[in-house]
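Working notes, beginning with the structure itself.
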Amino acid sequence: MPFSLFSRKKPTRRFNGFYADWSKTLSENCLPLLRQSLSSAASASVLSSNVDLVLRHLVLYYETLDLAADPNTIAYLLFPSWRNSLETPFLFIGDIHPYLLTNLLRSFIDRENRDSDDDEDSLRLIPDLVNQPLKIATAWKDPSDELMTRIDQIECTMRLMVPVLMDRMRKTQRGFVSRVSENWISSYQAGKKKKTVAAVAASAASVDEEAKVEMEELVSIFVDANRLRKSVIMDIVGATSEHQAALFLEGLCQFLVGFKDQVLLQDFEVVALPN
């Protein structure tokens with residue numbers, strides 16, 4: 001379909017349905033599979049299979065968004081109406097901020113190694129850890145130098161890429177506002193003088209043409225941001241052991257599913273309301 005800034009065909013319903021279905025699968029299939037693998041004496045092959053399944057589900061999400069991104073849909077993907085008020089603060093160029101991923105990973109490591117002398121007491125006091133196999137309960141204990149080096153490399157890549165993406169976004173938005181607003185005014189004035197349907201249509205077409213270049217660049221930025229998110233998730237899973245990867249993915253899934261908690265969402269919205 002040709003690009004049109006004034007198109008009346010809104011893709012929000014299609015995206016709403018996709019995101020709802022994807023989130024439901026994450027909550028009702030992926031998360032229970034990981035928890036079952038982590039809370040029982042599951043074989044290494046079962047654990048590995050479930051990690052791969054959840055990873056594919058996450059990657060599929062970003063690949064689907066990339067395929068859907070074009071000049072006609074990018075405005076909806078960058079500012080998704082299907083995201084609730086609890087999710088919005090965590091968004092970066094249309095989806096979760098990449099820093100969230102490494103912060104989550106660091107939280108596992110820091111929490112496990114903060115009080116290394118009290119490990120046995122911790123295992124006794126936390127029921128979830130008592131019920132887990134020892135390999136899982138102590139998965140983050142004393143991480144290897146190789147893992148910490150790899151995490152540093154992943155974070156370094158993000159520190160380089162995130163500012164670049166933000167700068168591209170700022171420049172594109174500035175160019176969009178400048179070119180479209182200038183052309184909009186001149187086209188409107190020309191159409192107003194002629195006062196014909198054809199003149200109005202020509203004015204809209206002229207604005208569309210000016211906007212198309214910037215919208216295509218926004219698509220490129222969005223796809224690159226998704227590529228960064230996807231690569232960070234895959235790099236973390238690739239750098240960690242299967243037990244660590246399963247715990248990381250469980251934490252990520254729980255975080256994403258938690259956005260849909262209606263009680264938490266209501267509490268957040270009540271707090272956000274001004275007195």
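A note on labels: chains of the structure tokens are A, B, ... as shown, every chain counts residues from 1, and ligands are counted from 1 in their shown order.
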(message) Can you pull out the residues contacting range 25-29 of chain A? Cut-off 9 Å, using only C-alpha atoms, and skip same-chain residues under 4 positions away; I want them as a PyMOL selection string.
(response) chain A and resi 20-21+33-34+54+57-58+253-254+256-257
Could you produce a table of the residues of range 10-98 of chain A lying within 12 Å of range 158-180 of chain A, with the nearest pair of atoms per residue and their separation in Å rounded to one decimal, using only C-alpha atoms, ordered by chain and increasing residue number, as CSV?
```
residue,atom,partner,partner_atom,distance
A:Ala75,CA,A:Gln173,CA,11.5
A:Leu78,CA,A:Met169,CA,10.8
A:Phe92,CA,A:Met166,CA,9.0
A:Ile93,CA,A:Met166,CA,8.4
A:Gly94,CA,A:Met169,CA,11.7
A:His97,CA,A:Val162,CA,9.2
A:Pro98,CA,A:Met158,CA,7.3
```
(request) Find the residues near Asp152 in chain A: any atom within 12 Å, counting only C-alpha atoms, skip ones fewer than 6 places away on the same chain, and give them as a PyMOL selection string. (result) chain A and resi 102-103+105-106+145-146+158-159+232+235-236+239
Store the residues of this selection in a file with C-alpha atoms, as a short mmCIF file (atom, residue, chain, number, x, y, z; two decimals), in the first residue's frame.
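Writing done, so here's selection.cif:
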```
data_model
loop_
_atom_site.label_atom_id
_atom_site.label_comp_id
_atom_site.auth_asym_id
_atom_site.auth_seq_id
_atom_site.Cartn_x
_atom_site.Cartn_y
_atom_site.Cartn_z
CA THR A 102 21.61 -6.45 31.38
CA ASN A 103 20.32 -4.82 34.56
CA LEU A 105 21.22 -10.15 34.57
CA ARG A 106 23.37 -8.08 36.93
CA ASP A 145 35.70 -14.40 34.84
CA GLU A 146 34.74 -15.40 31.31
CA MET A 158 24.90 -1.15 24.30
CA ARG A 159 26.63 1.98 25.60
CA VAL A 232 21.45 -8.75 23.71
CA ASP A 235 24.16 -12.99 23.64
CA ILE A 236 23.19 -13.34 27.31
CA ALA A 239 27.19 -16.56 27.40
#
```
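Restricting the calculation to only C-alpha atoms, the smallest distance between Ala245 in chain A and any of A:Asn226, A:Ile154, A:Val263, A:Ser48 is found for A:Ser48.
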(request) Extract, using only C-alpha atoms, all DNA, RNA and protein residues at most 9 Å from Phe259 in chain A, discarding same-chain residues fewer than 4 positions from it, and format them as a ChimeraX atom specification. (result) /A:84,86-87,254-255,264-265
Now that the selection is made, can you save its residues with N, CA and C atoms as a PDB file, in the first residue's frame?
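Listed below is the output, selection-v5.pdb:
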```pdb
ATOM      1  N   ASN A  84       0.321  -0.596  28.184  1.00  0.00           N
ATOM      2  CA  ASN A  84      -0.371   0.118  29.253  1.00  0.00           C
ATOM      3  C   ASN A  84       0.557   1.117  29.942  1.00  0.00           C
ATOM      4  N   LEU A  86       1.857   1.166  32.781  1.00  0.00           N
ATOM      5  CA  LEU A  86       2.947   0.586  33.558  1.00  0.00           C
ATOM      6  C   LEU A  86       4.140   0.239  32.668  1.00  0.00           C
ATOM      7  N   GLU A  87       3.860  -0.103  31.422  1.00  0.00           N
ATOM      8  CA  GLU A  87       4.914  -0.477  30.481  1.00  0.00           C
ATOM      9  C   GLU A  87       5.621   0.734  29.872  1.00  0.00           C
ATOM     10  N   GLN A 254       8.848 -13.161  33.579  1.00  0.00           N
ATOM     11  CA  GLN A 254       8.070 -12.710  34.726  1.00  0.00           C
ATOM     12  C   GLN A 254       7.936 -11.194  34.736  1.00  0.00           C
ATOM     13  N   PHE A 255       9.008 -10.522  34.359  1.00  0.00           N
ATOM     14  CA  PHE A 255       8.977  -9.061  34.293  1.00  0.00           C
ATOM     15  C   PHE A 255       7.961  -8.596  33.255  1.00  0.00           C
ATOM     16  N   LEU A 264      -1.504  -4.569  40.236  1.00  0.00           N
ATOM     17  CA  LEU A 264      -0.333  -3.700  40.185  1.00  0.00           C
ATOM     18  C   LEU A 264      -0.585  -2.499  39.277  1.00  0.00           C
ATOM     19  N   LEU A 265      -1.230  -2.741  38.138  1.00  0.00           N
ATOM     20  CA  LEU A 265      -1.528  -1.659  37.199  1.00  0.00           C
ATOM     21  C   LEU A 265      -2.474  -0.636  37.822  1.00  0.00           C
TER      22      LEU A 265
END
```
(request) Mind checking which residues fall within 12 Å of Val223 in chain A, counting only C-alpha atoms, ignoring those fewer than 6 positions away in the same chain, and posting them as a PyMOL selection string? (result) chain A and resi 62-70+74+77-78+93-95+165+216-217+229-230
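Considering the residues A:Gly17, A:Tyr99, A:Lys24, A:Leu134 and counting only C-alpha atoms, Ser40 in chain A has its shortest atom-to-atom contact with A:Leu134.
Residues with any atom within 9 Å of Pro143 in chain A, counting only C-alpha atoms and excluding same-chain neighbours fewer than 4 positions away, are A:Ile109, A:Asn113, A:Ala139, A:Leu147, A:Met148.
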Please, could you write that set of residues out with C-alpha atoms as a PDB file, in the first residue's frame?
```
ATOM      1  CA  ILE A 109      24.623 -11.992  40.080  1.00  0.00           C
ATOM      2  CA  ASN A 113      27.066 -12.763  45.731  1.00  0.00           C
ATOM      3  CA  ALA A 139      23.661 -20.968  39.601  1.00  0.00           C
ATOM      4  CA  LEU A 147      31.065 -14.679  31.989  1.00  0.00           C
ATOM      5  CA  MET A 148      31.768 -11.327  33.641  1.00  0.00           C
TER       6      MET A 148
END
```
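Taking CA of His243 in chain A and CA of Ile136 in chain A as endpoints, the distance between them is 5.9 Å.
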(request) Can you work out which one of A:Leu228, A:Lys141, A:Leu252, A:Pro89 has the shortest atom-to-atom distance to Asp110 in chain A, counting only C-alpha atoms? (result) A:Lys141
